[in-house]
Every structure is written in structure tokens, then in C-alpha cells.
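Visitor: Supplied structure: data.csv, CSV, C-alpha atoms and all ligand atoms.
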chain,number,residue,atom,x,y,z
E,1,MET,CA,8.4,17.4,6.5
E,2,GLU,CA,11.6,18.6,4.9
E,3,LYS,CA,13.1,18.7,8.4
E,4,ASP,CA,12.0,15.2,9.4
E,5,LEU,CA,15.1,13.0,9.7
E,6,LYS,CA,13.1,9.8,9.5
E,7,SER,CA,12.0,10.8,5.9
E,8,LYS,CA,15.6,10.9,4.6
E,9,THR,CA,17.6,8.4,2.7
E,10,VAL,CA,21.3,7.9,3.5
E,11,VAL,CA,22.2,10.0,0.5
E,12,GLN,CA,19.9,12.9,1.6
E,13,LEU,CA,21.4,12.7,5.1
E,14,GLU,CA,24.9,12.9,3.7
E,15,ARG,CA,24.0,16.0,1.9
E,16,LEU,CA,22.5,17.4,5.0
E,17,VAL,CA,25.4,16.8,7.3
E,18,THR,CA,28.1,17.9,4.9
E,19,GLY,CA,26.0,21.1,4.4
E,20,LEU,CA,26.3,21.6,8.1
E,21,GLY,CA,30.1,21.2,8.0
E,22,GLN,CA,30.2,17.6,9.2
E,23,PRO,CA,32.0,14.6,7.6
E,24,LYS,CA,29.8,12.4,5.3
E,25,TYR,CA,30.0,9.2,7.5
E,26,ILE,CA,28.0,11.0,10.3
E,27,ALA,CA,25.0,10.4,8.1
E,28,GLY,CA,25.3,6.7,8.8
E,29,TYR,CA,25.1,7.3,12.5
E,30,ILE,CA,21.8,9.2,12.2
E,31,PHE,CA,20.3,6.7,9.7
E,32,SER,CA,21.0,3.6,11.8
E,33,ALA,CA,19.9,5.2,15.0
E,34,ILE,CA,16.5,6.1,13.5
E,35,GLN,CA,15.9,3.2,11.1
E,36,SER,CA,17.5,0.3,13.0
E,37,ARG,CA,17.4,1.3,16.7
E,38,GLY,CA,14.1,3.2,16.6
E,39,VAL,CA,15.5,6.4,18.2
E,40,THR,CA,12.9,9.1,18.1
E,41,ASP,CA,14.7,12.0,19.8
E,42,ILE,CA,17.8,13.7,18.3
E,43,SER,CA,19.3,14.1,21.7
E,44,ALA,CA,19.3,10.3,22.0
E,45,ILE,CA,21.6,9.8,19.0
E,46,THR,CA,24.6,9.5,21.3
E,47,THR,CA,27.0,8.6,18.4
E,48,LEU,CA,26.8,12.3,17.5
E,49,SER,CA,28.6,15.0,19.4
E,50,LYS,CA,26.5,17.0,21.8
E,51,SER,CA,27.1,20.2,19.9
E,52,PHE,CA,26.0,18.6,16.6
E,53,ARG,CA,22.8,17.3,18.2
E,54,ALA,CA,22.1,20.8,19.5
E,55,LYS,CA,22.8,22.2,16.0
E,56,LEU,CA,20.3,19.8,14.4
E,57,ALA,CA,17.6,20.8,16.9
E,58,GLU,CA,18.4,24.5,16.4
E,59,GLU,CA,18.0,24.1,12.7
E,60,GLY,CA,14.6,22.7,13.2
E,61,TYR,CA,15.3,19.1,12.5
E,62,TYR,CA,13.2,16.4,14.3
E,63,ILE,CA,12.3,12.7,14.1
E,64,SER,CA,8.6,12.0,13.3
E,65,LYS,CA,6.7,9.2,15.0
E,66,LEU,CA,3.4,7.5,14.4
E,67,GLY,CA,1.3,6.2,17.2
E,68,ILE,CA,-0.4,2.8,17.2
E,69,VAL,CA,-4.0,3.7,18.1
E,70,ASP,CA,-5.6,0.3,17.6
E,71,LYS,CA,-4.4,-3.3,17.1
E,72,LEU,CA,-6.9,-6.1,16.1
E,73,THR,CA,-6.1,-9.8,15.8
E,74,ASP,CA,-8.1,-12.1,13.6
E,75,PRO,CA,-8.5,-15.8,14.7
E,76,ASP,CA,-6.4,-16.7,11.6
E,77,GLY,CA,-3.4,-14.8,13.1
E,78,THR,CA,-3.7,-11.7,10.8
E,79,VAL,CA,-3.1,-8.5,12.7
E,80,LYS,CA,-4.4,-5.1,11.7
E,81,TYR,CA,-2.7,-2.0,13.0
E,82,VAL,CA,-4.3,1.4,13.0
E,83,PHE,CA,-1.9,4.4,13.2
E,84,GLY,CA,-2.6,7.9,14.2
E,85,LEU,CA,-1.1,10.7,12.1
E,86,HIS,CA,-0.1,14.1,13.5
E,87,ASP,CA,-3.0,15.8,11.8
E,88,GLY,CA,-5.6,13.4,13.2
E,89,GLY,CA,-5.8,11.1,10.1
E,90,ARG,CA,-5.6,7.4,10.3
E,91,VAL,CA,-4.0,4.7,8.2
E,92,GLU,CA,-3.8,1.0,8.5
E,93,SER,CA,-1.2,-1.8,8.0
E,94,VAL,CA,-1.9,-5.5,8.0
E,95,LEU,CA,0.6,-8.2,9.1
E,96,LEU,CA,0.0,-11.6,7.4
E,97,PHE,CA,1.6,-14.8,8.5
E,98,ASP,CA,2.2,-17.4,5.7
E,99,ASP,CA,4.5,-20.3,6.4
E,100,ASP,CA,7.8,-18.7,7.2
E,101,ARG,CA,6.9,-15.4,5.6
E,102,ARG,CA,5.8,-12.3,7.5
E,103,THR,CA,4.3,-9.9,5.1
E,104,LEU,CA,3.4,-6.4,6.0
E,105,CYS,CA,0.8,-4.6,3.8
E,106,VAL,CA,1.7,-0.9,4.1
E,107,SER,CA,-0.4,2.2,3.3
E,108,THR,CA,1.0,5.0,1.2
E,109,GLN,CA,-1.8,7.6,1.2
E,110,VAL,CA,-4.6,8.7,3.5
E,111,GLY,CA,-7.5,7.4,1.4
E,112,CYS,CA,-7.2,7.1,-2.3
E,113,ALA,CA,-8.3,9.0,-5.4
E,114,MET,CA,-8.7,6.0,-7.7
E,115,GLY,CA,-12.2,5.0,-6.7
E,116,CYS,CA,-12.1,1.2,-7.4
E,117,VAL,CA,-15.6,0.1,-6.6
E,118,PHE,CA,-14.6,-3.1,-4.8
E,119,CYS,CA,-12.3,-1.2,-2.3
E,120,ALA,CA,-13.3,0.5,0.9
E,121,THR,CA,-10.4,2.9,0.7
E,122,GLY,CA,-11.5,4.0,-2.7
E,123,ARG,CA,-14.8,5.2,-1.1
E,124,LEU,CA,-12.9,7.7,1.1
E,125,GLY,CA,-11.4,9.8,-1.6
E,126,LEU,CA,-7.9,11.1,-1.2
E,127,ALA,CA,-7.1,13.2,1.9
E,128,ARG,CA,-3.3,13.4,1.4
E,129,ASN,CA,-0.1,11.6,0.6
E,130,LEU,CA,1.9,10.0,3.4
E,131,THR,CA,5.4,11.2,4.0
E,132,VAL,CA,8.4,9.0,3.7
E,133,GLY,CA,8.7,8.9,7.5
E,134,GLU,CA,5.0,7.9,7.9
E,135,ILE,CA,5.5,5.1,5.4
E,136,VAL,CA,8.6,3.6,6.9
E,137,ASP,CA,7.4,4.0,10.5
E,138,GLN,CA,4.5,1.6,9.8
E,139,VAL,CA,7.2,-1.0,9.3
E,140,ASN,CA,9.3,0.1,12.3
E,141,LEU,CA,6.4,0.1,14.7
E,142,VAL,CA,5.1,-3.3,13.6
E,143,GLY,CA,8.6,-4.7,13.6
E,144,GLY,CA,9.1,-3.5,17.2
E,145,ASP,CA,5.7,-4.3,18.4
E,146,SER,CA,5.9,-8.0,19.4
E,147,PRO,CA,8.5,-10.7,19.5
E,148,LYS,CA,6.4,-12.6,17.0
E,149,ALA,CA,6.5,-9.8,14.5
E,150,ASP,CA,10.0,-8.8,15.5
E,151,ALA,CA,12.4,-7.1,13.2
E,152,ARG,CA,12.1,-10.1,10.8
E,153,ILE,CA,9.2,-8.8,8.7
E,154,SER,CA,10.3,-10.6,5.5
E,155,ASN,CA,8.1,-8.9,2.9
E,156,ILE,CA,6.6,-5.5,2.3
E,157,VAL,CA,3.8,-4.9,-0.1
E,158,PHE,CA,2.7,-1.3,-0.7
E,159,MET,CA,-0.8,-2.4,-1.1
E,160,GLY,CA,-2.6,-1.0,1.9
E,161,MET,CA,-4.5,2.3,1.7
E,162,GLY,CA,-3.6,4.4,-1.3
E,163,GLU,CA,-2.0,4.1,-4.8
E,164,PRO,CA,1.8,3.9,-4.3
E,165,LEU,CA,2.6,5.2,-7.8
E,166,ALA,CA,0.5,8.3,-7.1
E,167,ASN,CA,2.9,9.1,-4.2
E,168,TYR,CA,5.9,8.0,-6.3
E,169,ASP,CA,8.9,9.9,-4.8
E,170,ALA,CA,7.9,9.2,-1.2
E,171,VAL,CA,7.3,5.5,-1.8
E,172,LEU,CA,10.6,5.1,-3.7
E,173,ASP,CA,12.5,6.8,-0.9
E,174,ALA,CA,10.8,4.5,1.6
E,175,VAL,CA,12.0,1.5,-0.6
E,176,ARG,CA,15.6,2.9,-0.5
E,177,ILE,CA,15.4,3.3,3.3
E,178,LEU,CA,13.8,-0.2,4.0
E,179,ASN,CA,16.3,-1.9,1.7
E,180,ASN,CA,19.4,-0.2,3.2
E,181,SER,CA,21.7,-2.6,5.1
E,182,ALA,CA,22.1,0.0,7.9
E,183,GLY,CA,18.3,0.0,8.4
E,184,ARG,CA,15.8,-2.9,8.2
E,185,HIS,CA,17.7,-4.4,5.2
E,186,ILE,CA,14.6,-5.9,3.5
E,187,GLY,CA,15.7,-7.5,0.2
E,188,ILE,CA,14.7,-5.6,-2.8
E,189,ARG,CA,12.9,-8.6,-4.3
E,190,HIS,CA,10.8,-8.7,-1.1
E,191,LEU,CA,9.5,-5.2,-1.6
E,192,THR,CA,6.5,-4.9,-3.9
E,193,MET,CA,4.8,-1.9,-5.4
E,194,SER,CA,1.2,-2.7,-6.2
E,195,THR,CA,-0.6,-0.3,-8.7
E,196,CYS,CA,-3.9,0.0,-10.3
E,197,GLY,CA,-2.0,0.7,-13.5
E,198,LEU,CA,-0.6,4.3,-13.6
E,199,VAL,CA,1.4,3.9,-16.8
E,200,GLU,CA,3.7,7.0,-16.3
E,201,GLY,CA,4.7,5.6,-12.9
E,202,ILE,CA,5.5,2.2,-14.4
E,203,GLU,CA,7.6,3.9,-17.1
E,204,ARG,CA,9.5,5.8,-14.5
E,205,LEU,CA,10.0,2.7,-12.3
E,206,ALA,CA,11.6,0.9,-15.2
E,207,GLU,CA,14.4,3.5,-15.3
E,208,GLU,CA,15.2,3.5,-11.6
E,209,ASP,CA,18.6,2.2,-10.2
E,210,ILE,CA,16.6,0.3,-7.6
E,211,GLN,CA,14.0,-2.3,-8.7
E,212,PRO,CA,11.3,-3.4,-6.3
E,213,ARG,CA,8.9,-6.0,-7.6
E,214,LEU,CA,5.8,-4.7,-9.5
E,215,ALA,CA,2.3,-6.0,-9.0
E,216,ILE,CA,-0.7,-4.8,-11.1
E,217,SER,CA,-4.2,-4.9,-9.7
E,218,LEU,CA,-5.9,-6.1,-12.9
E,219,ASN,CA,-9.2,-7.7,-12.0
E,220,ALA,CA,-10.7,-8.0,-15.5
E,221,PRO,CA,-9.7,-9.3,-18.9
E,222,THR,CA,-11.4,-6.6,-20.9
E,223,ASP,CA,-11.8,-2.8,-20.8
E,224,ALA,CA,-15.6,-3.1,-20.6
E,225,ILE,CA,-15.5,-5.1,-17.4
E,226,ARG,CA,-12.5,-3.3,-15.9
E,227,GLN,CA,-14.1,0.1,-16.4
E,228,LYS,CA,-17.0,-0.9,-14.2
E,229,LEU,CA,-14.6,-1.9,-11.4
E,230,MET,CA,-11.7,0.5,-11.9
E,231,PRO,CA,-12.4,4.0,-13.3
E,232,ILE,CA,-8.6,4.4,-14.1
E,233,THR,CA,-9.3,2.1,-17.1
E,234,LYS,CA,-10.9,5.0,-19.0
E,235,LYS,CA,-7.6,6.9,-18.8
E,236,TYR,CA,-5.4,3.9,-19.4
E,237,PRO,CA,-7.1,1.2,-21.4
E,238,LEU,CA,-5.7,-2.3,-21.2
E,239,ASN,CA,-3.8,-2.0,-24.5
E,240,ARG,CA,-1.9,1.0,-23.2
E,241,LEU,CA,-1.3,-0.7,-19.8
E,242,PHE,CA,0.1,-3.9,-21.4
E,243,ALA,CA,2.2,-1.9,-23.9
E,244,VAL,CA,3.9,-0.2,-20.9
E,245,ILE,CA,4.3,-3.5,-19.1
E,246,GLU,CA,6.0,-4.9,-22.1
E,247,ARG,CA,8.4,-2.0,-22.2
E,248,TYR,CA,9.0,-2.3,-18.4
E,249,GLN,CA,9.9,-6.0,-18.9
E,250,ARG,CA,12.2,-5.3,-21.8
E,251,THR,CA,14.1,-2.9,-19.7
E,252,THR,CA,14.1,-4.6,-16.3
E,253,ARG,CA,13.6,-8.4,-17.2
E,254,ASN,CA,11.4,-8.4,-14.1
E,255,ARG,CA,8.4,-10.7,-13.7
E,256,VAL,CA,5.1,-9.0,-12.9
E,257,THR,CA,2.4,-10.2,-10.6
E,258,PHE,CA,-1.2,-9.6,-11.6
E,259,GLU,CA,-3.7,-9.4,-8.8
E,260,TYR,CA,-7.2,-10.5,-9.8
E,261,CYS,CA,-10.0,-10.2,-7.3
E,262,LEU,CA,-12.8,-12.7,-8.2
E,263,ILE,CA,-16.3,-11.2,-8.0
E,264,LYS,CA,-19.4,-13.3,-8.5
E,265,GLY,CA,-21.0,-12.9,-12.0
E,266,VAL,CA,-18.7,-10.0,-12.9
E,267,ASN,CA,-15.2,-11.4,-13.8
E,268,ASP,CA,-15.2,-15.0,-12.6
E,269,THR,CA,-16.4,-17.3,-15.3
E,270,VAL,CA,-14.4,-19.8,-17.4
E,271,LEU,CA,-14.8,-17.5,-20.4
E,272,HIS,CA,-13.3,-14.6,-18.4
E,273,ALA,CA,-10.4,-16.9,-17.4
E,274,GLN,CA,-9.8,-17.9,-21.1
E,275,MET,CA,-9.8,-14.2,-22.1
E,276,LEU,CA,-7.3,-13.5,-19.3
E,277,VAL,CA,-5.1,-16.3,-20.6
E,278,LYS,CA,-5.2,-14.6,-24.0
E,279,ARG,CA,-4.4,-11.2,-22.5
E,280,LEU,CA,-1.4,-12.5,-20.6
E,281,ARG,CA,0.1,-14.4,-23.5
E,282,GLY,CA,3.8,-13.5,-23.8
E,283,VAL,CA,4.0,-11.6,-20.5
E,284,MET,CA,6.4,-12.9,-17.9
E,285,CYS,CA,4.1,-13.1,-15.0
E,286,ASN,CA,2.3,-14.9,-12.2
E,287,VAL,CA,-1.3,-14.4,-11.1
E,288,ASN,CA,-2.7,-14.0,-7.6
E,289,LEU,CA,-6.4,-14.8,-7.5
E,290,ILE,CA,-8.0,-13.1,-4.5
E,291,GLU,CA,-11.3,-14.0,-3.0
E,292,TYR,CA,-13.4,-10.8,-3.0
E,293,ASN,CA,-14.1,-9.5,0.5
E,294,PRO,CA,-17.5,-7.9,0.9
E,295,HIS,CA,-17.8,-4.7,2.9
E,296,GLU,CA,-20.6,-2.4,3.9
E,297,GLY,CA,-21.9,-0.1,1.2
E,298,CYS,CA,-20.9,-2.4,-1.7
E,299,ASN,CA,-23.2,-4.8,-3.4
E,300,LEU,CA,-20.6,-7.0,-5.0
E,301,LYS,CA,-20.5,-10.7,-4.0
E,302,PRO,CA,-17.6,-13.1,-3.6
E,303,SER,CA,-17.3,-16.0,-6.1
E,304,GLY,CA,-17.7,-19.3,-4.4
E,305,ARG,CA,-14.7,-21.6,-3.8
E,306,GLN,CA,-15.7,-23.8,-6.8
E,307,ALA,CA,-15.7,-20.8,-9.2
E,308,ILE,CA,-12.3,-19.8,-7.9
E,309,GLU,CA,-10.9,-23.3,-8.4
E,310,ARG,CA,-12.4,-23.5,-11.9
E,311,PHE,CA,-10.8,-20.1,-12.8
E,312,ALA,CA,-7.5,-21.1,-11.4
E,313,GLY,CA,-7.6,-24.4,-13.3
E,314,VAL,CA,-7.9,-22.6,-16.7
E,315,LEU,CA,-4.9,-20.4,-15.9
E,316,LYS,CA,-2.8,-23.3,-14.7
E,317,ASP,CA,-3.7,-25.5,-17.7
E,318,ALA,CA,-2.4,-22.6,-19.8
E,319,GLY,CA,0.9,-22.7,-18.0
E,320,ILE,CA,0.4,-19.5,-16.0
E,321,GLU,CA,1.8,-19.7,-12.4
E,322,THR,CA,-1.3,-19.1,-10.3
E,323,THR,CA,-1.8,-18.7,-6.5
E,324,VAL,CA,-5.2,-18.6,-4.8
E,325,ARG,CA,-5.2,-16.2,-1.8
E,326,LEU,CA,-8.1,-17.0,0.4
E,327,LYS,CA,-9.7,-14.4,2.7
E,328,MET,CA,-7.5,-13.5,5.6
E,329,GLY,CA,-8.3,-11.1,8.5
E,330,GLN,CA,-12.0,-11.1,7.7
E,331,THR,CA,-13.3,-10.5,11.2
E,332,ILE,CA,-11.2,-7.4,11.6
E,333,ASN,CA,-11.8,-5.9,8.2
E,334,ALA,CA,-8.1,-6.4,7.3
E,335,ALA,CA,-8.6,-8.3,4.1
E,336,CYS,CA,-7.7,-6.9,0.7
E,337,GLY,CA,-10.0,-4.0,-0.2
E,338,GLN,CA,-11.4,-3.6,3.3
E,339,LEU,CA,-9.0,-1.1,4.7
E,340,GLY,CA,-10.0,2.3,5.9
E,341,ALA,CA,-13.7,2.9,5.7
E,342,LYS,CA,-14.9,1.6,9.1
E,343,ARG,CA,-12.3,3.4,11.2
E,344,THR,CA,-12.8,6.8,9.4
E,345,GLU,CA,-16.6,6.5,9.5
E,346,ASN,CA,-16.4,5.9,13.3
E,347,LEU,CA,-14.3,9.0,13.7
E,348,GLU,CA,-16.7,11.3,11.9
H,1,LIG,S1,-7.8,-0.8,-4.9
H,1,LIG,FE1,-5.9,0.5,-4.5
H,1,LIG,S2,-6.0,2.0,-6.2
H,1,LIG,FE2,-8.0,1.1,-6.0
H,1,LIG,S3,-9.2,2.5,-4.7
H,1,LIG,FE3,-8.3,0.8,-3.4
H,1,LIG,S4,-6.4,1.6,-2.6
H,1,LIG,FE4,-7.0,2.9,-4.4
Please express the file's structure as C-alpha cells.
Guide:
Amino acid sequence: MEKDLKSKTVVQLERLVTGLGQPKYIAGYIFSAIQSRGVTDISAITTLSKSFRAKLAEEGYYISKLGIVDKLTDPDGTVKYVFGLHDGGRVESVLLFDDDRRTLCVSTQVGCAMGCVFCATGRLGLARNLTVGEIVDQVNLVGGDSPKADARISNIVFMGMGEPLANYDAVLDAVRILNNSAGRHIGIRHLTMSTCGLVEGIERLAEEDIQPRLAISLNAPTDAIRQKLMPITKKYPLNRLFAVIERYQRTTRNRVTFEYCLIKGVNDTVLHAQMLVKRLRGVMCNVNLIEYNPHEGCNLKPSGRQAIERFAGVLKDAGIETTVRLKMGQTINAACGQLGAKRTENLE
């Protein structure tokens, strides 16, 4: 993948072209041809001289390309894209329409090693990390797929298949590429990394020169409950996670979003909400409450609408900004936690 031009940031392309005896600005031609105009063949970058295009090809450089192998639309407008990888793997992205926002939920790994029990991807285990090119191409292909989606995807959440902070370098390079004004130019505050809570990754992110938004998939107010849902809690108990979040906020001054998936009888009572309020005291944050989405092979049940409203009420009364995200893309298994399993099982 080292030779894939789609996987390279502008700075990496500058290093590459100067190493081949060309002026630095040539890197911008390559970057915008690939990331803005969607060129997939070096010979089609006509802003470069013929001889330099030939030189790049001779050196083994190429431009990777994903294929859309399936596209499913839910009656609520949500669209799920299934992409084919060069090695036969599959990953999925979900395009969500919400007022004037078009949010693309992007995958960062094939499968996931984190094993969260409510998540279909977690049941697959990890096959491999996606490359930078494979991450950004999900955005490029969806952006170019229909006039409705268009290039105006307004928000990206790295919250599809995989744990973004477990593929840290590739995801951060993808952030740099998607944010670049010569490419898709998605504002940095509109790019969100969502993690199950890998503390070393959060520490590293705090020190970066580029600051995407951070979301934490929390789902429980105590270690005892969270351990049952998210095995990572054993390695990083909540006190450790919240200590690193505090340091992250001291350094970046960024607000953090907590994702909380409501599961019947597990984490959805008024008492759980009160414990969550206590846990979040002093943290600059907002909370997204997500209706649990059942899927095959998992016995957990969604909380009813009433329980969700009750839970949200406790948080709002405590002054915590709270959003309720109702199920979207249900009929196409595109809702949060549903990505991956069906497609892969069908292929086996
Ligand atoms: S919720 Fe995220 S971190 Fe957990 S298993 Fe699913 S993809 Fe991995």
C-alpha cells in the first residue's frame, strides 16, 4: 500500500515528488486529481508531464479503487453501501440524511477486535485494518454516487465497522486528506472519531496538530455494567477512561460526545441515568442516546420509547445536552451496531 497514491497526504506526496526530482507544487496536482476529481489512473493526471506519469508508473505507483458491490435504501432514506476490497473482504458505509446534514458513517477496519456484545461487527473479529485509500474512497464513492449525496457530504463519523483508534495512523491520515481544501474539504469540526475508549489513542489525539471531534461509546454508568457489554472495560476501567478524557479536554478544550445505546433492563433505568449524570459531572460534553438495534444472534432487547424519554429527561434536567437518535436504516441492517455480520455470513 506504500505505493498507493490515494493513501497519501499532501505532505507525503510532496516528499515523494521531490524525491523523484520534481518541484513540490506538483504534489498538489496529484492530490486534487485523485481526491477531488476522482481520477483512478495515473495516465489520466494530465496536469503532470507525460514523462513524469510514466516515471510514477515505472516506480510501481498506482491509485487504488474500491468497488460498490451493493447499495440498499431504507424507506426512511438511509442508504447502506457495501464495498468490495481487493482481497475479497467487504466493508460498509451508511449515509444518513438529517435536516440539511448528510452524514456518512465510515468503516476503518474489516471486522473489529473489541467484541462489544451489542455490535454485529464485534462478532466478526478483526480481519485487518483498512488502508488510508480504502477509508477515503468510501467518502469519494458515496460522494460521487448520486446527485442527492453529491460532493456535499457534510459530516463524517468514523463509526462504521472497526475501532478507529486501533487503526490510528491510517485514520488520522484520512482525516488530513478529507479536511484538505484541495480535496473534499470537510471541516475538521465535522469529522468525528468514535472510540470504545482506547486511552492511549485518546492521549495521542490530544497532542495532534489537527483536532477532529471525539466521541466515546460509553453505554454504561458503571464498570460492572460496562464490562458485560464492552470487554475493553477490563483493560480500561471508567476511572482510567475519564482521567484521560479530563486530560484530553485540558489540552484541547474540545467537547466530547458520549454515545449511549439503551438496552432494556441492562442500562436504561432512571437509576442508571442518575449514575450517568454523576459520572459526567464536570465533563464538557453532550450525550447521544441511541435506540438499541436488535440483530440476529444477540438476545439483547431495545428499551421502549417511554424508557428512552425518561432517561433523556433525567439527563436534561441535570443540564446535560442530550439528543435522542431513533433507529434509522432498520430494514437494511444499517443502524448503529448492525454493520457487517449479514453480508459476511452470506459470503461464507
Ligand atoms: S461497537 Fe465499535 S468498537 Fe465495539 S465491536 Fe462494534 S465496531 Fe468494534
Visitor: Would you name the residues within 8 Å of ligand LIG 1 (chain H), counting all atoms listed in the file, and put them as a ChimeraX atom specification?
Guide: /E:111-123,159-163,194-196,217,230,337
Visitor: I need the residues from that last selection saved to file as a PDB file, in the frame of the given file (with C-alpha atoms), if you can.
Guide:
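The result, written out as selection.pdb:
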ATOM      1  CA  GLY E 111      -7.500   7.400   1.400  1.00  0.00           C
ATOM      2  CA  CYS E 112      -7.200   7.100  -2.300  1.00  0.00           C
ATOM      3  CA  ALA E 113      -8.300   9.000  -5.400  1.00  0.00           C
ATOM      4  CA  MET E 114      -8.700   6.000  -7.700  1.00  0.00           C
ATOM      5  CA  GLY E 115     -12.200   5.000  -6.700  1.00  0.00           C
ATOM      6  CA  CYS E 116     -12.100   1.200  -7.400  1.00  0.00           C
ATOM      7  CA  VAL E 117     -15.600   0.100  -6.600  1.00  0.00           C
ATOM      8  CA  PHE E 118     -14.600  -3.100  -4.800  1.00  0.00           C
ATOM      9  CA  CYS E 119     -12.300  -1.200  -2.300  1.00  0.00           C
ATOM     10  CA  ALA E 120     -13.300   0.500   0.900  1.00  0.00           C
ATOM     11  CA  THR E 121     -10.400   2.900   0.700  1.00  0.00           C
ATOM     12  CA  GLY E 122     -11.500   4.000  -2.700  1.00  0.00           C
ATOM     13  CA  ARG E 123     -14.800   5.200  -1.100  1.00  0.00           C
ATOM     14  CA  MET E 159      -0.800  -2.400  -1.100  1.00  0.00           C
ATOM     15  CA  GLY E 160      -2.600  -1.000   1.900  1.00  0.00           C
ATOM     16  CA  MET E 161      -4.500   2.300   1.700  1.00  0.00           C
ATOM     17  CA  GLY E 162      -3.600   4.400  -1.300  1.00  0.00           C
ATOM     18  CA  GLU E 163      -2.000   4.100  -4.800  1.00  0.00           C
ATOM     19  CA  SER E 194       1.200  -2.700  -6.200  1.00  0.00           C
ATOM     20  CA  THR E 195      -0.600  -0.300  -8.700  1.00  0.00           C
ATOM     21  CA  CYS E 196      -3.900   0.000 -10.300  1.00  0.00           C
ATOM     22  CA  SER E 217      -4.200  -4.900  -9.700  1.00  0.00           C
ATOM     23  CA  MET E 230     -11.700   0.500 -11.900  1.00  0.00           C
ATOM     24  CA  GLY E 337     -10.000  -4.000  -0.200  1.00  0.00           C
TER      25      GLY E 337
END
Visitor: Find the residues around Arg310 of chain E up to 9 Å (only C-alpha atoms counted), leave out those fewer than 3 positions away in its own chain, and share them as a list of chain:residue names.
Guide: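 Within the cut-off, the hits are E:Asp268, E:Thr269, E:Val270, E:Ala273, E:Arg305, E:Gln306, E:Ala307, E:Gly313, E:Val314.
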Visitor: Excluding Tyr248 of chain E and residues on its chain fewer than 6 positions from it, collect all residues at most 7 Å away from it, counting only C-alpha atoms, and give them as a PDB file with C-alpha atoms, in the coordinates of the input.
Guide:
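Output saved as result-v4.pdb:
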ATOM      1  CA  ILE E 202       5.500   2.200 -14.400  1.00  0.00           C
ATOM      2  CA  GLU E 203       7.600   3.900 -17.100  1.00  0.00           C
ATOM      3  CA  ALA E 206      11.600   0.900 -15.200  1.00  0.00           C
TER       4      ALA E 206
END
Visitor: Write out as a PDB file with C-alpha atoms, keeping the file's coordinate frame each polymer residue whose atoms come within 8 Å of segment 182-192 of chain E, counting only C-alpha atoms; drop sequence neighbours fewer than 5 positions from it.
Guide:
ATOM      1  CA  GLY E  28      25.300   6.700   8.800  1.00  0.00           C
ATOM      2  CA  PHE E  31      20.300   6.700   9.700  1.00  0.00           C
ATOM      3  CA  SER E  32      21.000   3.600  11.800  1.00  0.00           C
ATOM      4  CA  GLN E  35      15.900   3.200  11.100  1.00  0.00           C
ATOM      5  CA  SER E  36      17.500   0.300  13.000  1.00  0.00           C
ATOM      6  CA  ALA E 151      12.400  -7.100  13.200  1.00  0.00           C
ATOM      7  CA  SER E 154      10.300 -10.600   5.500  1.00  0.00           C
ATOM      8  CA  ASN E 155       8.100  -8.900   2.900  1.00  0.00           C
ATOM      9  CA  ILE E 156       6.600  -5.500   2.300  1.00  0.00           C
ATOM     10  CA  VAL E 157       3.800  -4.900  -0.100  1.00  0.00           C
ATOM     11  CA  PHE E 158       2.700  -1.300  -0.700  1.00  0.00           C
ATOM     12  CA  VAL E 175      12.000   1.500  -0.600  1.00  0.00           C
ATOM     13  CA  ILE E 177      15.400   3.300   3.300  1.00  0.00           C
ATOM     14  CA  ILE E 210      16.600   0.300  -7.600  1.00  0.00           C
ATOM     15  CA  GLN E 211      14.000  -2.300  -8.700  1.00  0.00           C
ATOM     16  CA  PRO E 212      11.300  -3.400  -6.300  1.00  0.00           C
ATOM     17  CA  ARG E 213       8.900  -6.000  -7.600  1.00  0.00           C
ATOM     18  CA  LEU E 214       5.800  -4.700  -9.500  1.00  0.00           C
ATOM     19  CA  ALA E 215       2.300  -6.000  -9.000  1.00  0.00           C
TER      20      ALA E 215
END
Visitor: Which of these, E:Asp100, E:Glu134, E:Glu92, E:Asp173, has the shortest distance to Lys8 of chain E once you count all atoms listed in the file?
Guide: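 Smallest distance to Lys8 of chain E is found for E:Asp173.
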Visitor: Considering all atoms listed in the file, return as JSON, numbers by chain whatever protein or nucleic-acid residues lie within 12 Å of Arg226 of chain E, sequence-local ones (same chain, fewer than 3 positions apart) excluded.
Guide: {"E": [116, 117, 118, 196, 197, 217, 218, 219, 220, 221, 222, 223, 229, 230, 231, 232, 233, 234, 235, 236, 237, 238, 260, 261, 263, 266, 267, 272, 276]}
Visitor: Report the distance between atom CA of Pro294 of chain E and atom CA of Gly265 of chain E in Å, rounded to one decimal place.
Guide: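 Interatomic distance here is 14.3 Å.
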Visitor: Closest to Tyr62 of chain E among E:Glu309, E:Asp4, E:Ile135, E:Met275, using all atoms listed in the file?
Guide: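 Selected residue with least distance to Tyr62 of chain E: E:Asp4.
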Visitor: Point out the residue among E:Gly125, E:Glu58, E:Thr46, E:Gly133 with the least atom-to-atom distance to Glu2 of chain E, counting only C-alpha atoms.
Guide: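 For Glu2 of chain E, the nearest of the given residues is E:Gly133.
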